[in-house]
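work.csv, holding CSV, C-alpha atoms:
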```csv
chain,number,residue,atom,x,y,z
G,18,MET,CA,-6.8,40.8,153.0
G,19,GLN,CA,-4.9,38.8,150.4
G,20,ASN,CA,-6.2,36.3,147.9
G,21,LEU,CA,-6.5,33.0,149.7
G,22,ARG,CA,-5.3,29.6,148.8
G,23,LYS,CA,-5.5,26.7,151.3
G,24,GLU,CA,-5.7,23.0,151.0
G,25,ILE,CA,-6.5,20.0,153.1
G,26,THR,CA,-6.0,16.3,152.5
G,27,VAL,CA,-8.2,13.7,154.1
G,28,ASP,CA,-8.7,9.9,153.8
G,29,SER,CA,-11.6,9.2,151.4
G,30,LYS,CA,-14.0,8.2,154.2
G,31,MET,CA,-17.4,9.6,154.8
G,32,GLU,CA,-16.6,10.5,158.4
G,33,ASN,CA,-14.2,13.2,157.2
G,34,MET,CA,-17.0,15.3,155.6
G,35,GLU,CA,-17.3,17.3,158.8
G,36,THR,CA,-13.6,18.1,158.8
G,37,LEU,CA,-13.9,19.4,155.2
G,38,THR,CA,-17.0,21.4,155.9
G,39,ALA,CA,-15.5,22.9,159.1
G,40,PHE,CA,-12.3,23.8,157.2
G,41,VAL,CA,-14.1,25.6,154.4
G,42,GLU,CA,-16.5,27.4,156.8
G,43,ASN,CA,-13.7,28.5,159.0
G,44,GLU,CA,-11.5,29.8,156.1
G,45,LEU,CA,-14.5,31.6,154.4
G,46,LYS,CA,-15.7,33.3,157.6
G,47,PRO,CA,-13.6,36.5,157.2
G,48,TYR,CA,-15.3,37.0,153.8
G,49,GLU,CA,-18.8,36.9,155.4
G,50,PRO,CA,-20.4,34.7,152.8
G,51,SER,CA,-24.2,34.9,152.7
G,52,MET,CA,-26.0,32.1,154.6
G,53,LYS,CA,-27.3,30.8,151.2
G,54,SER,CA,-23.9,30.7,149.5
G,55,GLN,CA,-22.4,29.0,152.5
G,56,MET,CA,-25.1,26.4,152.6
G,57,GLN,CA,-24.9,25.7,148.9
G,58,ILE,CA,-21.1,25.3,149.2
G,59,ASN,CA,-21.7,22.9,152.1
G,60,ILE,CA,-24.0,20.9,149.9
G,61,ALA,CA,-21.4,20.8,147.1
G,62,ILE,CA,-18.9,19.5,149.6
G,63,ASP,CA,-21.4,16.8,150.7
G,64,GLU,CA,-22.3,15.7,147.1
G,65,LEU,CA,-18.8,15.8,145.6
G,66,PHE,CA,-16.9,14.3,148.5
G,67,SER,CA,-19.5,11.5,148.9
G,68,ASN,CA,-19.1,10.8,145.1
G,69,VAL,CA,-15.3,10.5,145.6
G,70,VAL,CA,-15.8,8.2,148.6
G,71,HIS,CA,-18.4,6.0,146.9
G,72,TYR,CA,-17.1,5.8,143.3
G,73,SER,CA,-13.5,6.7,143.0
G,74,GLY,CA,-11.8,4.0,145.0
G,75,SER,CA,-9.2,6.5,146.0
G,76,SER,CA,-7.6,6.4,149.4
G,77,LYS,CA,-7.1,10.1,149.9
G,78,MET,CA,-8.7,13.3,148.6
G,79,THR,CA,-7.3,16.8,148.5
G,80,LEU,CA,-9.5,19.9,148.7
G,81,VAL,CA,-8.0,23.2,147.5
G,82,LEU,CA,-9.9,26.3,148.6
G,83,GLU,CA,-9.2,29.5,146.8
G,84,VAL,CA,-10.8,32.9,147.1
G,85,VAL,CA,-10.4,35.7,144.6
G,86,GLU,CA,-11.1,38.8,146.7
G,87,ASP,CA,-11.9,41.5,144.2
G,88,VAL,CA,-14.8,39.5,142.8
G,89,LEU,CA,-15.5,37.7,146.2
G,90,THR,CA,-15.6,34.3,144.5
G,91,ALA,CA,-14.5,31.0,146.1
G,92,SER,CA,-13.4,28.0,144.2
G,93,LEU,CA,-13.2,24.5,145.6
G,94,THR,CA,-11.1,21.9,143.8
G,95,PHE,CA,-11.6,18.2,144.6
G,96,ILE,CA,-8.6,16.1,143.6
G,97,ASP,CA,-8.4,12.4,144.0
G,98,ASN,CA,-6.3,9.6,142.5
G,99,GLY,CA,-9.1,7.2,141.9
G,100,ILE,CA,-10.5,5.7,138.7
G,101,ALA,CA,-11.5,8.2,136.0
G,102,TYR,CA,-14.9,9.5,136.9
G,103,ASP,CA,-16.6,12.5,135.2
G,104,PRO,CA,-19.8,13.3,137.1
G,105,LEU,CA,-20.7,15.9,134.5
G,106,SER,CA,-21.1,13.2,131.8
G,107,LYS,CA,-24.3,11.9,133.5
G,108,ALA,CA,-27.6,13.1,132.1
G,109,ASP,CA,-29.7,15.4,134.3
G,110,PRO,CA,-32.5,13.7,136.1
G,111,ASP,CA,-36.1,14.3,135.0
G,112,ILE,CA,-37.4,16.5,137.8
G,113,SER,CA,-40.9,16.7,136.5
G,114,LEU,CA,-41.8,13.1,137.4
G,115,SER,CA,-44.2,12.2,140.2
G,116,ALA,CA,-42.9,10.7,143.5
G,117,GLU,CA,-43.6,7.2,142.2
G,118,ASP,CA,-41.6,7.6,139.1
G,119,ARG,CA,-38.7,9.6,140.5
G,120,GLU,CA,-35.3,8.1,140.6
G,121,ILE,CA,-32.8,9.6,143.0
G,122,GLY,CA,-29.6,8.9,141.0
G,123,GLY,CA,-27.8,11.9,139.6
G,124,LEU,CA,-29.7,14.3,141.8
G,125,GLY,CA,-26.6,15.3,143.9
G,126,ILE,CA,-24.5,16.4,141.0
G,127,PHE,CA,-27.5,18.1,139.4
G,128,LEU,CA,-28.0,20.1,142.6
G,129,VAL,CA,-24.4,21.2,142.5
G,130,LYS,CA,-24.7,22.2,138.9
G,131,LYS,CA,-27.8,24.3,139.7
G,132,THR,CA,-26.4,26.0,142.8
G,133,MET,CA,-22.8,26.7,141.9
G,134,ASP,CA,-21.8,29.4,139.4
G,135,GLY,CA,-19.3,27.1,137.6
G,136,ILE,CA,-18.3,23.5,137.5
G,137,GLU,CA,-15.6,21.8,135.5
G,138,TYR,CA,-14.0,18.4,135.4
G,139,LYS,CA,-10.7,17.2,134.0
G,140,ARG,CA,-8.6,14.1,134.1
G,141,ASP,CA,-5.0,14.9,134.7
G,142,GLY,CA,-2.8,11.8,134.5
G,143,GLU,CA,-4.0,9.6,137.4
G,144,LYS,CA,-6.1,12.3,139.0
G,145,ASN,CA,-9.7,13.4,138.9
G,146,ILE,CA,-9.9,17.1,139.2
G,147,LEU,CA,-13.3,18.7,139.8
G,148,LYS,CA,-13.6,22.4,140.4
G,149,VAL,CA,-16.6,24.4,141.4
G,150,THR,CA,-16.8,28.2,141.7
G,151,LYS,CA,-19.2,30.2,143.7
G,152,LYS,CA,-19.8,33.9,144.4
G,153,LEU,CA,-19.9,34.5,148.1
G,154,GLY,CA,-22.3,37.5,148.1
L,23,MET,CA,-28.3,15.7,163.7
L,24,GLN,CA,-31.0,15.3,166.4
L,25,ILE,CA,-34.2,13.5,165.6
L,26,GLU,CA,-37.1,14.1,167.9
L,27,LYS,CA,-40.0,11.8,167.3
L,28,LYS,CA,-43.5,12.0,168.8
L,29,VAL,CA,-46.1,9.3,168.1
L,30,GLU,CA,-49.8,10.0,168.8
L,31,ASN,CA,-52.2,7.3,167.6
L,32,ASN,CA,-51.6,7.2,163.9
L,33,VAL,CA,-49.8,10.5,163.7
L,34,VAL,CA,-46.0,10.6,163.8
L,35,CYS,CA,-44.2,14.0,164.2
L,36,ILE,CA,-40.5,14.2,163.5
L,37,ALA,CA,-38.5,17.4,164.3
L,38,LEU,CA,-35.0,17.5,162.8
L,39,ASP,CA,-32.2,19.6,164.2
L,40,GLY,CA,-29.0,20.0,162.3
L,41,ARG,CA,-27.9,18.8,158.9
L,42,LEU,CA,-29.7,16.2,156.8
L,43,ASP,CA,-26.7,15.1,154.8
L,44,THR,CA,-24.9,12.0,153.5
L,45,VAL,CA,-23.7,11.2,157.0
L,46,THR,CA,-26.9,11.8,158.9
L,47,ALA,CA,-29.6,10.8,156.3
L,48,PRO,CA,-29.2,7.0,157.2
L,49,GLN,CA,-30.2,7.9,160.8
L,50,LEU,CA,-33.5,9.3,159.6
L,51,GLU,CA,-34.0,6.4,157.2
L,52,HIS,CA,-33.5,4.0,160.1
L,53,GLU,CA,-36.1,5.9,162.1
L,54,LEU,CA,-38.6,5.5,159.2
L,55,GLN,CA,-37.9,2.2,157.5
L,56,GLY,CA,-40.4,-0.4,158.6
L,57,LYS,CA,-41.8,1.9,161.3
L,58,LEU,CA,-44.6,3.6,159.4
L,59,ASP,CA,-47.0,0.7,159.4
L,60,SER,CA,-50.5,2.0,160.2
L,61,VAL,CA,-49.3,5.6,160.3
L,62,THR,CA,-51.7,7.9,158.4
L,63,GLU,CA,-50.0,11.2,158.9
L,64,LEU,CA,-46.3,11.9,158.9
L,65,ASP,CA,-45.4,15.5,160.0
L,66,PHE,CA,-41.9,16.9,159.7
L,67,ASP,CA,-40.7,20.0,161.5
L,68,PHE,CA,-37.8,21.6,159.7
L,69,SER,CA,-37.5,24.7,161.8
L,70,LYS,CA,-34.1,23.7,163.1
L,71,LEU,CA,-32.8,22.0,160.0
L,72,SER,CA,-29.9,24.0,158.5
L,73,TYR,CA,-29.4,22.1,155.3
L,74,ILE,CA,-30.3,19.2,153.1
L,75,SER,CA,-28.3,17.4,150.5
L,76,SER,CA,-29.4,14.7,147.9
L,77,ALA,CA,-29.0,12.0,150.5
L,78,GLY,CA,-31.6,13.7,152.6
L,79,LEU,CA,-33.9,14.3,149.6
L,80,ARG,CA,-33.6,10.5,148.9
L,81,VAL,CA,-35.0,9.7,152.4
L,82,LEU,CA,-37.8,12.2,152.0
L,83,LEU,CA,-38.8,10.7,148.7
L,84,LEU,CA,-38.8,7.3,150.2
L,85,ALA,CA,-41.1,8.5,153.0
L,86,GLN,CA,-43.3,10.3,150.6
L,87,LYS,CA,-43.8,7.2,148.5
L,88,ILE,CA,-44.8,5.2,151.6
L,89,MET,CA,-47.2,7.9,152.8
L,90,ASN,CA,-48.8,8.4,149.4
L,91,LYS,CA,-50.1,4.8,149.8
L,92,GLN,CA,-51.4,5.1,153.4
L,93,GLY,CA,-52.1,8.7,154.3
L,94,LYS,CA,-50.3,12.1,154.0
L,95,MET,CA,-47.0,13.6,154.7
L,96,VAL,CA,-46.4,17.3,155.4
L,97,ILE,CA,-43.2,19.4,156.0
L,98,ARG,CA,-43.5,22.4,158.2
L,99,ASN,CA,-41.3,25.4,158.9
L,100,VAL,CA,-39.0,25.1,155.8
L,101,CYS,CA,-36.4,28.0,155.6
L,102,THR,CA,-36.0,29.8,152.3
L,103,GLU,CA,-32.6,28.2,151.7
L,104,ILE,CA,-34.0,24.7,151.9
L,105,LYS,CA,-37.1,25.7,150.0
L,106,GLU,CA,-34.9,26.7,147.2
L,107,ILE,CA,-33.3,23.2,147.2
L,108,PHE,CA,-36.8,21.8,146.9
L,109,ASP,CA,-37.6,24.1,144.0
L,110,VAL,CA,-34.4,23.4,142.1
L,111,THR,CA,-34.8,19.7,142.3
L,112,GLY,CA,-38.6,19.6,141.6
L,113,PHE,CA,-39.2,18.3,145.1
L,114,ALA,CA,-41.5,21.2,145.8
L,115,ASP,CA,-44.0,19.6,143.4
L,116,ILE,CA,-43.7,16.2,145.1
L,117,LEU,CA,-43.7,17.2,148.7
L,118,THR,CA,-46.4,19.0,150.7
L,119,ILE,CA,-44.8,22.0,152.3
L,120,VAL,CA,-46.9,24.0,154.6
```
When written as structure tokens, how does the structure in this file appear?
Amino acid sequence: MQNLRKEITVDSKMENMETLTAFVENELKPYEPSMKSQMQINIAIDELFSNVVHYSGSSKMTLVLEVVEDVLTASLTFIDNGIAYDPLSKADPDISLSAEDREIGGLGIFLVKKTMDGIEYKRDGEKNILKVTKKLG
Amino acid sequence: MQIEKKVENNVVCIALDGRLDTVTAPQLEHELQGKLDSVTELDFDFSKLSYISSAGLRVLLLAQKIMNKQGKMVIRNVCTEIKEIFDVTGFADILTIV
């Protein structure tokens, strides 16, 4: 097997989440990711794509999937042409609060930060580029 | 996602099958919102739930807040992967997982 690089572009609409998830699951299948890694990657797709749909105002989003084989690590890069939005600039939610005092905002990106091995954001010209990396083992 | 709901007196049991994510969480919210009056026990069965994202957590928090006022809520048959999501987000401390 070679190192993998594939990309898919979809309209920034929630209904395309299944398409993105199926694309990634299908491409990663030959690498036999653990159930846990695959689920955490699916959560990252959910959280990051829904952020793009809800906040970026972009019409389309491109997802680039790469796998580096010798370290069996996948990276997913979410690229949209919406307004500048750095989800990493938000403070982490206080997860020690009781149900009554809990706020749900920021939980999605927090979950991604906690479950992925790496996450980075950059603004490149008119594009938001958010990349997460995850070991597949 | 499939939602199977059973109501017996004041006890509501909901079994979820599939993914509780940004797309499907509103289905569950719709099933709960305004429909828990006089319910004293809300029982979730997660044995066929394959994953949960923050949108799903949001709906569970909503349900937990309602049930804290009028009874109890329990979640059964949580797989280790979803349990870890509850742990990471502090939800394990808020929810009753049996």
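Near chain L, counting all atoms listed in the file at 7 Å, the chain G residues are G:Met31, G:Lys53, G:Met56, G:Ile60, G:Asp63, G:Ile112, G:Ser113, G:Ser115, G:Ala116, G:Glu117, G:Ile121, G:Leu124, G:Gly125, G:Leu128.
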Any idea what's packed within 10 Å of Phe66 of chain L, counting all atoms listed in the file, ignoring anything in its chain fewer than 4 positions away? Could you give it as number ranges by chain?
L: 26-27, 34-38, 82, 95-100, 119
Take the residues from that selection and put them in a file with C-alpha atoms, as a compact mmCIF listing (two decimals), in the frame of the given file.
```txt
# COMPACT_ATOMS: atom_id res chain seq x y z
CA GLU L 26 -37.10 14.10 167.90
CA LYS L 27 -40.00 11.80 167.30
CA VAL L 34 -46.00 10.60 163.80
CA CYS L 35 -44.20 14.00 164.20
CA ILE L 36 -40.50 14.20 163.50
CA ALA L 37 -38.50 17.40 164.30
CA LEU L 38 -35.00 17.50 162.80
CA LEU L 82 -37.80 12.20 152.00
CA MET L 95 -47.00 13.60 154.70
CA VAL L 96 -46.40 17.30 155.40
CA ILE L 97 -43.20 19.40 156.00
CA ARG L 98 -43.50 22.40 158.20
CA ASN L 99 -41.30 25.40 158.90
CA VAL L 100 -39.00 25.10 155.80
CA ILE L 119 -44.80 22.00 152.30
```
Could you work out how far atom CA of Gln55 of chain L lies from atom CA of Cys101 of chain L, giving the answer in Å with one decimal?
25.9 Å
Check the smallest atom-to-atom distance from each of G:Ala61, G:Leu45, G:Ala101, G:Leu21 to Val149 of chain G using all atoms listed in the file, then report the winner.
G:Ala61
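Interatomic distance, atom CA of Ile58 of chain G to atom CA of Ser75 of chain G: 22.5 Å.
Taking all atoms listed in the file into account, Glu35 of chain G lies nearest to G:Ser67 out of the set G:Lys131, G:Pro47, G:Ser54, G:Ser67.
The two atoms in question, atom CA of Asp109 of chain G and atom CA of Gly123 of chain G, are spaced 6.6 Å apart.
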Would you list the contacts of Leu37 of chain G as JSON, numbers by chain, taking every protein, DNA or RNA residue within 8 Å and counting only C-alpha atoms, but skipping same-chain residues closer than 5 positions in sequence?
{"G": [25, 62, 80]}
Export of prior selection with C-alpha atoms as a CSV table (one decimal), keeping the file's coordinate frame:
```
chain,number,residue,atom,x,y,z
G,25,ILE,CA,-6.5,20.0,153.1
G,62,ILE,CA,-18.9,19.5,149.6
G,80,LEU,CA,-9.5,19.9,148.7
```
The residue from L:Asn31, L:Ser69, L:Ile25, L:Gln92 with the smallest atom-to-atom distance to Thr46 of chain L, counting all atoms listed in the file, is L:Ile25
